[in-house]
file target_29.txt (compact mmCIF, C-alpha atoms (C1' of nucleotides))
# COMPACT_ATOMS: atom_id res chain seq x y z
CA MET A 1 -157.64 -116.68 -21.05
CA SER A 2 -154.77 -118.49 -19.41
CA SER A 3 -152.25 -119.98 -21.75
CA VAL A 4 -152.10 -123.42 -20.18
CA LEU A 5 -154.85 -125.59 -21.60
CA GLY A 6 -153.86 -129.05 -20.63
CA THR A 7 -150.38 -130.23 -21.34
CA ASP A 8 -150.48 -129.59 -25.06
CA GLN A 9 -150.60 -126.38 -26.98
CA PHE A 10 -149.76 -128.65 -29.89
CA CYS A 11 -153.41 -129.14 -30.70
CA SER A 12 -154.97 -126.50 -32.89
CA VAL A 13 -158.31 -126.98 -31.14
CA ALA A 14 -156.67 -125.88 -27.90
CA ARG A 15 -155.06 -122.89 -29.63
CA SER A 16 -158.44 -121.82 -30.98
CA LEU A 17 -160.09 -122.25 -27.61
CA GLU A 18 -157.42 -120.10 -26.04
CA VAL A 19 -159.02 -117.22 -27.94
CA LEU A 20 -162.63 -118.39 -28.10
CA GLY A 21 -163.12 -120.80 -25.23
CA ASP A 22 -165.32 -118.80 -22.93
CA LYS A 23 -168.96 -117.98 -22.60
CA TRP A 24 -168.95 -114.70 -24.52
CA SER A 25 -166.28 -114.52 -27.21
CA LEU A 26 -168.07 -116.58 -29.84
CA LEU A 27 -171.33 -114.78 -29.14
CA ILE A 28 -169.59 -111.47 -29.77
CA VAL A 29 -168.21 -112.87 -33.02
CA ARG A 30 -171.70 -114.10 -33.91
CA GLN A 31 -173.17 -110.63 -33.39
CA ALA A 32 -170.31 -109.13 -35.39
CA PHE A 33 -171.09 -111.61 -38.14
CA PHE A 34 -174.70 -110.44 -38.01
CA GLY A 35 -173.56 -106.89 -38.61
CA GLU A 36 -173.05 -105.40 -35.15
CA THR A 37 -169.96 -103.30 -34.62
CA ARG A 38 -170.49 -101.05 -31.62
CA PHE A 39 -169.98 -101.45 -27.91
CA SER A 40 -173.58 -100.67 -27.11
CA GLN A 41 -174.93 -103.00 -29.80
CA PHE A 42 -173.01 -105.92 -28.32
CA ARG A 43 -173.99 -104.84 -24.85
CA ASP A 44 -177.69 -104.61 -25.70
CA SER A 45 -177.95 -107.76 -27.76
CA LEU A 46 -175.94 -109.92 -25.37
CA GLY A 47 -176.84 -108.26 -22.06
CA MET A 48 -173.37 -108.71 -20.67
CA ALA A 49 -171.41 -106.66 -18.15
CA LYS A 50 -169.60 -103.71 -19.69
CA ASN A 51 -166.23 -104.46 -18.15
CA VAL A 52 -166.34 -108.03 -19.40
CA LEU A 53 -167.36 -106.81 -22.85
CA ALA A 54 -164.51 -104.30 -22.89
CA ASP A 55 -162.12 -107.06 -21.84
CA ARG A 56 -163.35 -109.53 -24.50
CA LEU A 57 -163.27 -106.91 -27.25
CA ALA A 58 -159.69 -106.07 -26.31
CA THR A 59 -158.78 -109.76 -26.31
CA LEU A 60 -160.42 -110.38 -29.68
CA VAL A 61 -158.61 -107.34 -31.09
CA SER A 62 -155.29 -108.50 -29.66
CA PHE A 63 -155.75 -111.91 -31.31
CA GLY A 64 -156.67 -110.35 -34.63
CA VAL A 65 -160.30 -111.46 -34.76
CA LEU A 66 -161.67 -107.93 -34.59
CA ALA A 67 -160.07 -104.67 -35.67
CA PRO A 68 -160.94 -101.27 -34.21
CA ARG A 69 -161.99 -98.62 -36.70
CA ALA A 70 -162.81 -94.98 -36.10
CA TYR A 71 -166.21 -93.69 -37.14
CA ARG A 72 -168.18 -90.50 -36.62
CA GLU A 73 -171.91 -90.09 -36.63
CA ASP A 74 -173.32 -86.69 -37.63
CA GLY A 75 -173.11 -84.39 -34.64
CA GLU A 76 -171.19 -86.90 -32.55
CA ARG A 77 -167.56 -87.14 -31.66
CA GLU A 78 -165.30 -89.75 -33.17
CA ARG A 79 -165.60 -93.20 -31.66
CA GLU A 80 -164.30 -96.73 -32.24
CA GLU A 81 -166.19 -99.61 -33.65
CA TYR A 82 -165.10 -103.23 -34.02
CA ILE A 83 -164.94 -104.90 -37.42
CA LEU A 84 -164.34 -108.56 -38.17
CA THR A 85 -160.97 -109.16 -39.77
CA ALA A 86 -160.47 -111.77 -42.47
CA PRO A 87 -159.48 -114.37 -39.84
CA GLY A 88 -162.52 -113.34 -37.83
CA ARG A 89 -164.82 -113.90 -40.78
CA GLU A 90 -163.36 -117.38 -41.15
CA LEU A 91 -164.97 -118.20 -37.83
CA VAL A 92 -168.18 -118.61 -39.81
CA TYR A 93 -167.21 -122.28 -39.99
CA VAL A 94 -167.18 -122.51 -36.20
CA LEU A 95 -170.47 -120.63 -35.91
CA GLY A 96 -172.02 -122.81 -38.59
CA ALA A 97 -170.89 -125.96 -36.80
CA LEU A 98 -172.23 -124.80 -33.43
CA SER A 99 -175.45 -123.63 -35.01
CA GLY A 100 -175.98 -126.89 -36.85
CA TRP A 101 -175.31 -128.95 -33.76
CA GLY A 102 -177.63 -126.82 -31.64
CA ASP A 103 -180.38 -127.07 -34.23
CA ARG A 104 -180.07 -130.82 -34.49
CA HIS A 105 -179.42 -131.78 -30.89
CA ARG A 106 -180.74 -128.99 -28.71
CA PRO A 107 -183.83 -127.90 -30.60
CA SER A 108 -185.81 -124.97 -29.33
CA ASP A 109 -189.55 -124.52 -29.40
CA HIS A 110 -188.83 -121.19 -31.03
CA SER A 111 -188.17 -120.59 -34.68
CA PRO A 112 -185.24 -122.28 -36.46
CA THR A 113 -183.20 -119.14 -35.74
CA ARG A 114 -180.72 -118.42 -38.51
CA ILE A 115 -180.12 -120.22 -41.73
CA TYR A 116 -176.88 -120.05 -43.64
CA GLN A 117 -177.01 -119.30 -47.33
CA ASP A 118 -174.82 -118.46 -50.27
CA GLY A 119 -174.84 -114.67 -50.30
CA GLU A 120 -174.85 -114.71 -54.10
CA THR A 121 -177.58 -117.17 -55.00
CA GLY A 122 -179.52 -117.46 -51.74
CA GLU A 123 -179.19 -121.25 -51.76
CA ARG A 124 -179.08 -122.85 -48.33
CA VAL A 125 -175.70 -124.24 -47.39
CA GLU A 126 -174.64 -126.82 -44.81
CA LEU A 127 -171.28 -127.67 -43.32
CA GLN A 128 -169.90 -130.96 -44.61
CA PHE A 129 -166.60 -132.75 -44.62
CA VAL A 130 -165.45 -133.05 -48.22
CA THR A 131 -162.42 -134.66 -49.80
CA ALA A 132 -160.08 -132.83 -52.16
CA ALA A 133 -162.03 -134.49 -54.97
CA GLY A 134 -165.26 -132.95 -53.69
CA ARG A 135 -166.83 -136.08 -52.26
CA VAL A 136 -168.92 -135.51 -49.10
CA VAL A 137 -167.98 -137.71 -46.11
CA HIS A 138 -170.43 -137.98 -43.26
CA GLY A 139 -169.19 -136.85 -39.84
CA THR A 140 -169.60 -140.30 -38.33
CA ASP A 141 -167.04 -141.63 -40.80
CA VAL A 142 -164.41 -139.01 -40.06
CA VAL A 143 -161.43 -139.87 -37.88
CA ALA A 144 -158.57 -137.69 -36.65
CA THR A 145 -155.05 -139.04 -36.67
CA GLU A 146 -151.63 -137.67 -35.92
CA PRO A 147 -149.68 -137.15 -39.12
CA LEU A 148 -146.80 -139.41 -38.08
CA GLU A 149 -148.64 -142.17 -36.26
CA ARG A 150 -149.62 -144.10 -39.39
CA ALA A 151 -147.35 -147.06 -38.58
CA ALA A 152 -147.96 -147.48 -34.81
CA ALA A 153 -151.74 -147.62 -34.74
CA GLY A 154 -152.20 -149.80 -31.66
CA SER A 155 -151.64 -147.50 -28.68
CA SER A 156 -154.87 -146.49 -26.97
CA ALA A 157 -153.89 -143.25 -25.24
CA PRO A 158 -152.94 -140.38 -27.59
CA ARG A 159 -149.85 -138.69 -26.27
CA MET B 1 -173.09 -123.09 -17.05
CA SER B 2 -175.71 -120.48 -16.29
CA SER B 3 -178.73 -120.55 -18.54
CA VAL B 4 -178.80 -116.86 -19.35
CA LEU B 5 -176.58 -116.17 -22.32
CA GLY B 6 -177.62 -112.77 -23.45
CA THR B 7 -181.24 -112.05 -24.04
CA ASP B 8 -181.81 -114.79 -26.59
CA GLN B 9 -181.86 -118.51 -26.18
CA PHE B 10 -183.43 -118.38 -29.61
CA CYS B 11 -180.09 -118.71 -31.28
CA SER B 12 -178.81 -122.25 -31.68
CA VAL B 13 -175.24 -121.03 -31.28
CA ALA B 14 -176.14 -119.84 -27.79
CA ARG B 15 -177.84 -123.13 -27.00
CA SER B 16 -174.74 -125.03 -28.07
CA LEU B 17 -172.49 -122.76 -26.06
CA GLU B 18 -174.65 -123.34 -23.01
CA VAL B 19 -173.26 -126.89 -23.05
CA LEU B 20 -169.85 -126.30 -24.60
CA GLY B 21 -168.95 -122.67 -23.93
CA ASP B 22 -166.21 -123.02 -21.37
CA LYS B 23 -162.53 -123.73 -21.35
CA TRP B 24 -162.69 -127.50 -20.87
CA SER B 25 -165.83 -129.08 -22.31
CA LEU B 26 -164.74 -129.16 -25.93
CA LEU B 27 -161.30 -130.40 -24.95
CA ILE B 28 -162.91 -133.28 -23.09
CA VAL B 29 -164.99 -134.02 -26.17
CA ARG B 30 -161.85 -133.84 -28.28
CA GLN B 31 -160.08 -136.37 -26.08
CA ALA B 32 -163.17 -138.59 -26.14
CA PHE B 33 -163.11 -138.34 -29.92
CA PHE B 34 -159.47 -139.45 -29.83
CA GLY B 35 -160.52 -142.55 -27.92
CA GLU B 36 -160.22 -141.62 -24.26
CA THR B 37 -163.01 -142.74 -21.97
CA ARG B 38 -161.75 -142.76 -18.39
CA PHE B 39 -161.50 -140.17 -15.67
CA SER B 40 -157.76 -140.55 -15.28
CA GLN B 41 -157.16 -140.43 -19.03
CA PHE B 42 -158.91 -137.07 -19.28
CA ARG B 43 -157.20 -135.90 -16.15
CA ASP B 44 -153.75 -136.86 -17.38
CA SER B 45 -154.11 -135.63 -20.94
CA LEU B 46 -155.73 -132.32 -20.01
CA GLY B 47 -154.08 -131.71 -16.63
CA MET B 48 -157.20 -130.22 -15.13
CA ALA B 49 -158.45 -130.20 -11.54
CA LYS B 50 -160.35 -133.35 -10.61
CA ASN B 51 -163.39 -131.60 -9.21
CA VAL B 52 -163.75 -129.52 -12.35
CA LEU B 53 -163.38 -132.63 -14.49
CA ALA B 54 -166.02 -134.45 -12.44
CA ASP B 55 -168.33 -131.46 -12.82
CA ARG B 56 -167.81 -131.21 -16.59
CA LEU B 57 -168.27 -134.92 -17.12
CA ALA B 58 -171.55 -134.77 -15.19
CA THR B 59 -172.69 -131.77 -17.24
CA LEU B 60 -171.79 -133.43 -20.53
CA VAL B 61 -173.63 -136.57 -19.42
CA SER B 62 -176.67 -134.55 -18.37
CA PHE B 63 -176.77 -132.88 -21.78
CA GLY B 64 -176.44 -136.20 -23.59
CA VAL B 65 -172.99 -135.63 -25.08
CA LEU B 66 -171.38 -138.43 -23.09
CA ALA B 67 -172.96 -141.56 -21.65
CA PRO B 68 -171.61 -143.46 -18.63
CA ARG B 69 -170.91 -147.15 -19.17
CA ALA B 70 -169.79 -149.75 -16.68
CA TYR B 71 -166.60 -151.66 -17.35
CA ARG B 72 -164.40 -154.02 -15.40
CA GLU B 73 -160.71 -154.65 -15.85
CA ASP B 74 -159.34 -158.04 -14.82
CA GLY B 75 -158.81 -158.07 -11.04
CA GLU B 76 -160.43 -154.65 -10.60
CA ARG B 77 -163.80 -153.62 -9.36
CA GLU B 78 -166.45 -152.31 -11.70
CA ARG B 79 -166.04 -148.68 -12.71
CA GLU B 80 -167.65 -146.15 -15.03
CA GLU B 81 -166.27 -144.82 -18.24
CA TYR B 82 -167.62 -142.10 -20.49
CA ILE B 83 -168.56 -142.80 -24.09
CA LEU B 84 -169.51 -140.29 -26.76
CA THR B 85 -173.18 -140.54 -27.70
CA ALA B 86 -174.38 -140.07 -31.27
CA PRO B 87 -174.99 -136.34 -30.60
CA GLY B 88 -171.55 -136.16 -29.02
CA ARG B 89 -169.92 -137.67 -32.09
CA GLU B 90 -171.65 -135.03 -34.21
CA LEU B 91 -169.45 -132.47 -32.45
CA VAL B 92 -166.74 -133.57 -34.85
CA TYR B 93 -167.96 -130.70 -37.03
CA VAL B 94 -167.26 -128.22 -34.24
CA LEU B 95 -163.87 -129.77 -33.53
CA GLY B 96 -163.03 -129.76 -37.22
CA ALA B 97 -163.99 -126.10 -37.52
CA LEU B 98 -161.94 -125.08 -34.49
CA SER B 99 -159.02 -127.18 -35.63
CA GLY B 100 -159.10 -125.74 -39.13
CA TRP B 101 -159.28 -122.18 -37.84
CA GLY B 102 -156.45 -122.75 -35.39
CA ASP B 103 -154.27 -124.32 -38.09
CA ARG B 104 -154.88 -121.47 -40.51
CA HIS B 105 -154.88 -118.49 -38.16
CA ARG B 106 -152.96 -119.48 -35.07
CA PRO B 107 -150.23 -121.68 -36.49
CA SER B 108 -147.85 -123.37 -34.11
CA ASP B 109 -144.18 -124.02 -34.60
CA HIS B 110 -144.97 -127.61 -33.74
CA SER B 111 -146.30 -130.23 -36.11
CA PRO B 112 -149.66 -129.79 -37.88
CA THR B 113 -151.26 -131.72 -35.00
CA ARG B 114 -154.19 -133.80 -36.20
CA ILE B 115 -155.52 -134.28 -39.66
CA TYR B 116 -159.07 -135.34 -40.39
CA GLN B 117 -159.63 -138.17 -42.82
CA ASP B 118 -162.28 -140.47 -44.15
CA GLY B 119 -162.03 -143.50 -41.88
CA GLU B 120 -162.76 -145.76 -44.84
CA THR B 121 -160.45 -144.53 -47.55
CA GLY B 122 -157.93 -142.46 -45.60
CA GLU B 123 -158.50 -139.43 -47.83
CA ARG B 124 -158.04 -136.09 -46.14
CA VAL B 125 -161.26 -134.19 -45.59
CA GLU B 126 -161.94 -130.51 -44.95
CA LEU B 127 -164.99 -128.71 -43.66
CA GLN B 128 -166.81 -126.79 -46.38
CA PHE B 129 -170.16 -125.16 -46.83
CA VAL B 130 -172.02 -127.02 -49.55
CA THR B 131 -175.42 -126.49 -51.15
CA ALA B 132 -178.04 -129.21 -51.41
CA ALA B 133 -176.79 -129.72 -54.96
CA GLY B 134 -173.29 -130.39 -53.66
CA ARG B 135 -171.67 -127.15 -54.76
CA VAL B 136 -168.99 -125.83 -52.40
CA VAL B 137 -169.45 -122.22 -51.25
CA HIS B 138 -166.51 -120.44 -49.68
CA GLY B 139 -166.98 -119.18 -46.13
CA THR B 140 -166.51 -115.57 -47.12
CA ASP B 141 -169.61 -115.83 -49.34
CA VAL B 142 -171.85 -117.28 -46.65
CA VAL B 143 -174.40 -115.08 -44.90
CA ALA B 144 -176.79 -115.87 -42.06
CA THR B 145 -180.34 -114.61 -42.22
CA GLU B 146 -183.44 -115.03 -40.14
CA PRO B 147 -185.92 -117.28 -41.95
CA LEU B 148 -188.67 -114.64 -42.02
CA GLU B 149 -186.68 -111.49 -42.65
CA ARG B 150 -186.33 -111.98 -46.40
CA ALA B 151 -188.47 -108.92 -47.23
CA ALA B 152 -187.13 -106.36 -44.72
CA ALA B 153 -183.42 -106.55 -45.43
CA GLY B 154 -182.44 -103.01 -44.45
CA SER B 155 -182.32 -102.96 -40.66
CA SER B 156 -178.80 -102.95 -39.27
CA ALA B 157 -179.35 -104.35 -35.77
CA PRO B 158 -180.63 -107.96 -35.69
CA ARG B 159 -183.31 -108.38 -33.07
C1' DA C 1 -171.91 -73.17 -18.12
C1' DT C 2 -174.73 -77.03 -18.04
C1' DT C 3 -176.50 -81.07 -19.70
C1' DC C 4 -176.57 -85.24 -22.57
C1' DT C 5 -174.61 -89.48 -24.50
C1' DG C 6 -171.65 -93.34 -26.03
C1' DG C 7 -168.09 -95.71 -24.39
C1' DG C 8 -165.87 -96.90 -21.24
C1' DT C 9 -163.08 -97.42 -15.91
C1' DT C 10 -163.12 -98.45 -11.00
C1' DG C 11 -164.75 -100.29 -7.26
C1' DT C 12 -167.27 -104.37 -4.40
C1' DT C 13 -169.44 -108.55 -4.20
C1' DA C 14 -170.76 -113.28 -6.01
C1' DT C 15 -169.17 -117.37 -8.88
C1' DT C 16 -166.16 -120.42 -10.50
C1' DA C 17 -161.57 -122.64 -10.88
C1' DC C 18 -157.62 -124.50 -8.75
C1' DG C 19 -154.59 -127.62 -5.75
C1' DA C 20 -154.12 -130.45 -2.04
C1' DA C 21 -155.95 -133.44 1.25
C1' DC C 22 -159.12 -136.77 2.15
C1' DC C 23 -162.60 -140.58 1.21
C1' DT C 24 -164.36 -145.13 -0.68
C1' DA C 25 -165.43 -149.64 -2.71
C1' DG C 26 -163.68 -153.49 -3.94
C1' DC C 27 -159.81 -156.66 -4.84
C1' DA C 28 -155.38 -158.80 -3.43
C1' DT C 29 -152.11 -160.19 0.05
C1' DG C 30 -150.32 -162.05 4.46
C1' DC D 1 -159.57 -160.68 8.92
C1' DA D 2 -156.63 -156.57 9.12
C1' DT D 3 -153.89 -154.11 5.87
C1' DG D 4 -152.84 -151.90 1.89
C1' DC D 5 -153.49 -150.53 -3.02
C1' DT D 6 -155.98 -148.12 -6.67
C1' DA D 7 -159.31 -145.58 -9.79
C1' DG D 8 -162.36 -142.44 -9.25
C1' DG D 9 -163.96 -139.40 -7.07
C1' DT D 10 -165.53 -135.46 -2.81
C1' DT D 11 -164.35 -131.70 0.34
C1' DC D 12 -162.03 -128.34 1.75
C1' DG D 13 -159.44 -123.35 1.67
C1' DT D 14 -157.84 -120.00 -1.53
C1' DA D 15 -157.07 -117.56 -6.04
C1' DA D 16 -158.90 -115.81 -10.17
C1' DT D 17 -163.13 -114.21 -13.01
C1' DA D 18 -167.52 -112.46 -13.72
C1' DA D 19 -171.36 -109.61 -12.51
C1' DC D 20 -173.43 -105.41 -10.94
C1' DA D 21 -173.32 -100.59 -9.73
C1' DA D 22 -171.32 -96.32 -9.50
C1' DC D 23 -168.60 -93.15 -11.49
C1' DC D 24 -165.77 -90.75 -15.26
C1' DC D 25 -164.74 -88.35 -19.63
C1' DA D 26 -164.65 -86.08 -24.14
C1' DG D 27 -166.99 -83.84 -27.11
C1' DA D 28 -171.56 -81.83 -29.03
C1' DA D 29 -175.81 -79.53 -28.31
C1' DT D 30 -178.53 -76.11 -25.65
call {"tool": "encode", "arguments": {"input": "target_29.txt", "output": "structure tokens"}}
result
Amino acid sequence: MSSVLGTDQFCSVARSLEVLGDKWSLLIVRQAFFGETRFSQFRDSLGMAKNVLADRLATLVSFGVLAPRAYREDGEREREEYILTAPGRELVYVLGALSGWGDRHRPSDHSPTRIYQDGETGERVELQFVTAAGRVVHGTDVVATEPLERAAAGSSAPR
Amino acid sequence: MSSVLGTDQFCSVARSLEVLGDKWSLLIVRQAFFGETRFSQFRDSLGMAKNVLADRLATLVSFGVLAPRAYREDGEREREEYILTAPGRELVYVLGALSGWGDRHRPSDHSPTRIYQDGETGERVELQFVTAAGRVVHGTDVVATEPLERAAAGSSAPR
DNA sequence: ATTCTGGGTTGTTATTACGAACCTAGCATG
DNA sequence: CATGCTAGGTTCGTAATAACAACCCAGAAT
């Protein structure tokens, strides 16, 4: 998790990837989102090395995605489990985007995996770009611009 | 980019991360989305090692995110550039999600980086979960379930 | 007192990333 | 036609990470 991603930390995508840009972190968050909290649950469901898991959990805690919480099972000593924080739960947008892309562009012969729904009504939900007025804009029509570049729109290489 | 991410390739998040789950791939896609196409543009904007860039470009091409295209500048020999495919452009949802999360939860002292807008009207757009009927559902109310688990909703450990 | 168990730590080896040096196909120049 | 220039790489040697295995440790149960 080095802190030099390219020349710019100015991009929020890069700042997010500083926390999440490796093979395991988002999978841990996914499992946490599915209800897992314990070291051995992550270990078993992901099949990853214990030292790497310990390292990623510590990193996710240090960045405020997970929070450690003590718990005690009957007849067991006190241990720590890892709970998604409010910022961590917001990563549902990232998981939904990755899930949608994988479903659409890397389909599996296996079942359609997980579907995302409104927890209240059970309606299926999909990620969409929407305007403040609530109008849906398709992804192919979305562009990203720098806030101050409105006038000089001719240069080809950003930054 | 090993093909064993945990025990399950059944999850579309894992399948997406098989292509995108490293430090650089999504940043390359981001730069491509901002209009960059050439080896040296990626190299200069991201500051990454050339062999790693060559490897990532080849991987992204092999997974159909980028497509090579010949071009020729005046007085230069023919070269290849890398263009986002339709599936690659769909990654705007992933970039938007990462960007939104980074803006909200890892704010920088620098400018608000990029904003996403409707290319037609210029209106700002945000990623939201919406139902088929067009109702926006906040991320904290979204749950992910397996399509067939509707009846047995008590088990704590998915799979 | 000994064993069991969840949750780790500490090695040792295999992968992967990095930086610098080198290569290469064509075009331009003398 | 020999030389050099340039974008876009490849090929090193080395540094950092990940993976795998062995071990540890604090209680609780026996």
call {"tool": "interface_residues", "arguments": {"input": "target_29.txt", "of": "chain B", "to": "chain C", "cutoff": "9 Å", "atoms": "all atoms listed in the file", "output": "MDAnalysis selection string"}}
result
chainID B and resid 48:49 52 75:78
call {"tool": "closest_residue", "arguments": {"input": "target_29.txt", "among": "A:Gly21, A:Pro147, A:Gly35, A:Gly139", "to": "Gly96 (chain B)", "atoms": "all atoms listed in the file"}}
result
A:Gly139
call {"tool": "calpha_fit_and_write", "arguments": {"input": "target_29.txt", "fixed": "chain B", "moving": "chain A", "output": "compact mmCIF listing (two decimals) with C-alpha atoms, in the coordinates of the input"}}
result
# COMPACT_ATOMS: atom_id res chain seq x y z
CA MET A 1 -173.21 -123.05 -17.16
CA SER A 2 -175.81 -120.42 -16.43
CA SER A 3 -178.83 -120.48 -18.64
CA VAL A 4 -178.89 -116.79 -19.48
CA LEU A 5 -176.62 -116.12 -22.43
CA GLY A 6 -177.62 -112.72 -23.58
CA THR A 7 -181.24 -111.97 -24.16
CA ASP A 8 -181.84 -114.73 -26.67
CA GLN A 9 -181.89 -118.45 -26.23
CA PHE A 10 -183.44 -118.35 -29.68
CA CYS A 11 -180.06 -118.70 -31.32
CA SER A 12 -178.80 -122.23 -31.72
CA VAL A 13 -175.21 -121.03 -31.31
CA ALA A 14 -176.11 -119.82 -27.82
CA ARG A 15 -177.83 -123.13 -27.03
CA SER A 16 -174.72 -125.03 -28.09
CA LEU A 17 -172.47 -122.77 -26.07
CA GLU A 18 -174.63 -123.34 -23.04
CA VAL A 19 -173.26 -126.88 -23.07
CA LEU A 20 -169.83 -126.31 -24.61
CA GLY A 21 -168.94 -122.69 -23.95
CA ASP A 22 -166.21 -123.04 -21.40
CA LYS A 23 -162.53 -123.75 -21.36
CA TRP A 24 -162.71 -127.51 -20.85
CA SER A 25 -165.84 -129.09 -22.30
CA LEU A 26 -164.74 -129.18 -25.92
CA LEU A 27 -161.30 -130.41 -24.93
CA ILE A 28 -162.91 -133.29 -23.07
CA VAL A 29 -164.99 -134.05 -26.16
CA ARG A 30 -161.84 -133.86 -28.27
CA GLN A 31 -160.07 -136.40 -26.06
CA ALA A 32 -163.17 -138.60 -26.13
CA PHE A 33 -163.11 -138.35 -29.91
CA PHE A 34 -159.48 -139.45 -29.81
CA GLY A 35 -160.48 -142.55 -27.90
CA GLU A 36 -160.20 -141.61 -24.23
CA THR A 37 -162.98 -142.73 -21.94
CA ARG A 38 -161.73 -142.74 -18.37
CA PHE A 39 -161.52 -140.15 -15.65
CA SER A 40 -157.79 -140.53 -15.26
CA GLN A 41 -157.15 -140.41 -19.01
CA PHE A 42 -158.92 -137.06 -19.26
CA ARG A 43 -157.21 -135.89 -16.13
CA ASP A 44 -153.74 -136.84 -17.37
CA SER A 45 -154.10 -135.61 -20.91
CA LEU A 46 -155.73 -132.31 -19.98
CA GLY A 47 -154.09 -131.69 -16.60
CA MET A 48 -157.24 -130.25 -15.12
CA ALA A 49 -158.52 -130.21 -11.55
CA LYS A 50 -160.41 -133.36 -10.60
CA ASN A 51 -163.45 -131.59 -9.21
CA VAL A 52 -163.82 -129.53 -12.35
CA LEU A 53 -163.42 -132.65 -14.48
CA ALA A 54 -166.06 -134.47 -12.43
CA ASP A 55 -168.37 -131.47 -12.82
CA ARG A 56 -167.85 -131.21 -16.61
CA LEU A 57 -168.30 -134.95 -17.13
CA ALA A 58 -171.56 -134.79 -15.20
CA THR A 59 -172.69 -131.80 -17.25
CA LEU A 60 -171.79 -133.46 -20.55
CA VAL A 61 -173.65 -136.60 -19.44
CA SER A 62 -176.69 -134.58 -18.39
CA PHE A 63 -176.78 -132.91 -21.82
CA GLY A 64 -176.44 -136.22 -23.62
CA VAL A 65 -172.98 -135.67 -25.10
CA LEU A 66 -171.38 -138.46 -23.10
CA ALA A 67 -172.95 -141.59 -21.65
CA PRO A 68 -171.59 -143.47 -18.63
CA ARG A 69 -170.89 -147.15 -19.15
CA ALA A 70 -169.74 -149.73 -16.65
CA TYR A 71 -166.53 -151.62 -17.34
CA ARG A 72 -164.30 -153.97 -15.39
CA GLU A 73 -160.62 -154.57 -15.88
CA ASP A 74 -159.22 -157.97 -14.87
CA GLY A 75 -158.69 -157.97 -11.13
CA GLU A 76 -160.32 -154.58 -10.66
CA ARG A 77 -163.71 -153.60 -9.41
CA GLU A 78 -166.38 -152.28 -11.71
CA ARG A 79 -166.01 -148.65 -12.69
CA GLU A 80 -167.63 -146.11 -15.02
CA GLU A 81 -166.24 -144.81 -18.22
CA TYR A 82 -167.61 -142.09 -20.49
CA ILE A 83 -168.55 -142.81 -24.09
CA LEU A 84 -169.52 -140.31 -26.76
CA THR A 85 -173.17 -140.57 -27.70
CA ALA A 86 -174.36 -140.10 -31.27
CA PRO A 87 -174.98 -136.37 -30.62
CA GLY A 88 -171.54 -136.19 -29.04
CA ARG A 89 -169.91 -137.69 -32.10
CA GLU A 90 -171.64 -135.05 -34.21
CA LEU A 91 -169.46 -132.50 -32.46
CA VAL A 92 -166.74 -133.60 -34.87
CA TYR A 93 -167.96 -130.73 -37.04
CA VAL A 94 -167.25 -128.25 -34.25
CA LEU A 95 -163.85 -129.80 -33.53
CA GLY A 96 -163.01 -129.80 -37.22
CA ALA A 97 -163.96 -126.14 -37.52
CA LEU A 98 -161.91 -125.12 -34.48
CA SER A 99 -159.00 -127.23 -35.62
CA GLY A 100 -159.05 -125.79 -39.12
CA TRP A 101 -159.23 -122.24 -37.85
CA GLY A 102 -156.40 -122.81 -35.38
CA ASP A 103 -154.24 -124.37 -38.07
CA ARG A 104 -154.84 -121.53 -40.48
CA HIS A 105 -154.82 -118.55 -38.16
CA ARG A 106 -152.92 -119.53 -35.04
CA PRO A 107 -150.20 -121.76 -36.45
CA SER A 108 -147.83 -123.45 -34.08
CA ASP A 109 -144.15 -124.12 -34.59
CA HIS A 110 -144.97 -127.69 -33.70
CA SER A 111 -146.30 -130.33 -36.02
CA PRO A 112 -149.62 -129.86 -37.84
CA THR A 113 -151.27 -131.77 -34.99
CA ARG A 114 -154.20 -133.85 -36.20
CA ILE A 115 -155.54 -134.32 -39.66
CA TYR A 116 -159.08 -135.38 -40.40
CA GLN A 117 -159.63 -138.22 -42.81
CA ASP A 118 -162.30 -140.51 -44.14
CA GLY A 119 -162.04 -143.54 -41.88
CA GLU A 120 -162.79 -145.80 -44.84
CA THR A 121 -160.45 -144.59 -47.55
CA GLY A 122 -157.93 -142.52 -45.59
CA GLU A 123 -158.50 -139.50 -47.84
CA ARG A 124 -158.03 -136.15 -46.14
CA VAL A 125 -161.24 -134.25 -45.59
CA GLU A 126 -161.93 -130.56 -44.96
CA LEU A 127 -164.98 -128.75 -43.66
CA GLN A 128 -166.80 -126.83 -46.38
CA PHE A 129 -170.14 -125.18 -46.83
CA VAL A 130 -172.00 -127.04 -49.56
CA THR A 131 -175.38 -126.50 -51.16
CA ALA A 132 -178.01 -129.22 -51.42
CA ALA A 133 -176.77 -129.74 -54.97
CA GLY A 134 -173.26 -130.41 -53.68
CA ARG A 135 -171.64 -127.17 -54.78
CA VAL A 136 -168.94 -125.86 -52.41
CA VAL A 137 -169.40 -122.24 -51.25
CA HIS A 138 -166.46 -120.48 -49.69
CA GLY A 139 -166.93 -119.22 -46.13
CA THR A 140 -166.45 -115.60 -47.13
CA ASP A 141 -169.53 -115.86 -49.34
CA VAL A 142 -171.78 -117.30 -46.67
CA VAL A 143 -174.32 -115.09 -44.92
CA ALA A 144 -176.74 -115.88 -42.10
CA THR A 145 -180.27 -114.57 -42.24
CA GLU A 146 -183.38 -114.97 -40.16
CA PRO A 147 -185.89 -117.18 -41.93
CA LEU A 148 -188.64 -114.55 -41.94
CA GLU A 149 -186.66 -111.39 -42.56
CA ARG A 150 -186.44 -111.82 -46.34
CA ALA A 151 -188.70 -108.83 -47.06
CA ALA A 152 -187.38 -106.26 -44.52
CA ALA A 153 -183.68 -106.37 -45.30
CA GLY A 154 -182.76 -102.81 -44.33
CA SER A 155 -182.57 -102.79 -40.53
CA SER A 156 -179.01 -102.78 -39.23
CA ALA A 157 -179.42 -104.24 -35.74
CA PRO A 158 -180.62 -107.87 -35.63
CA ARG A 159 -183.28 -108.20 -32.98
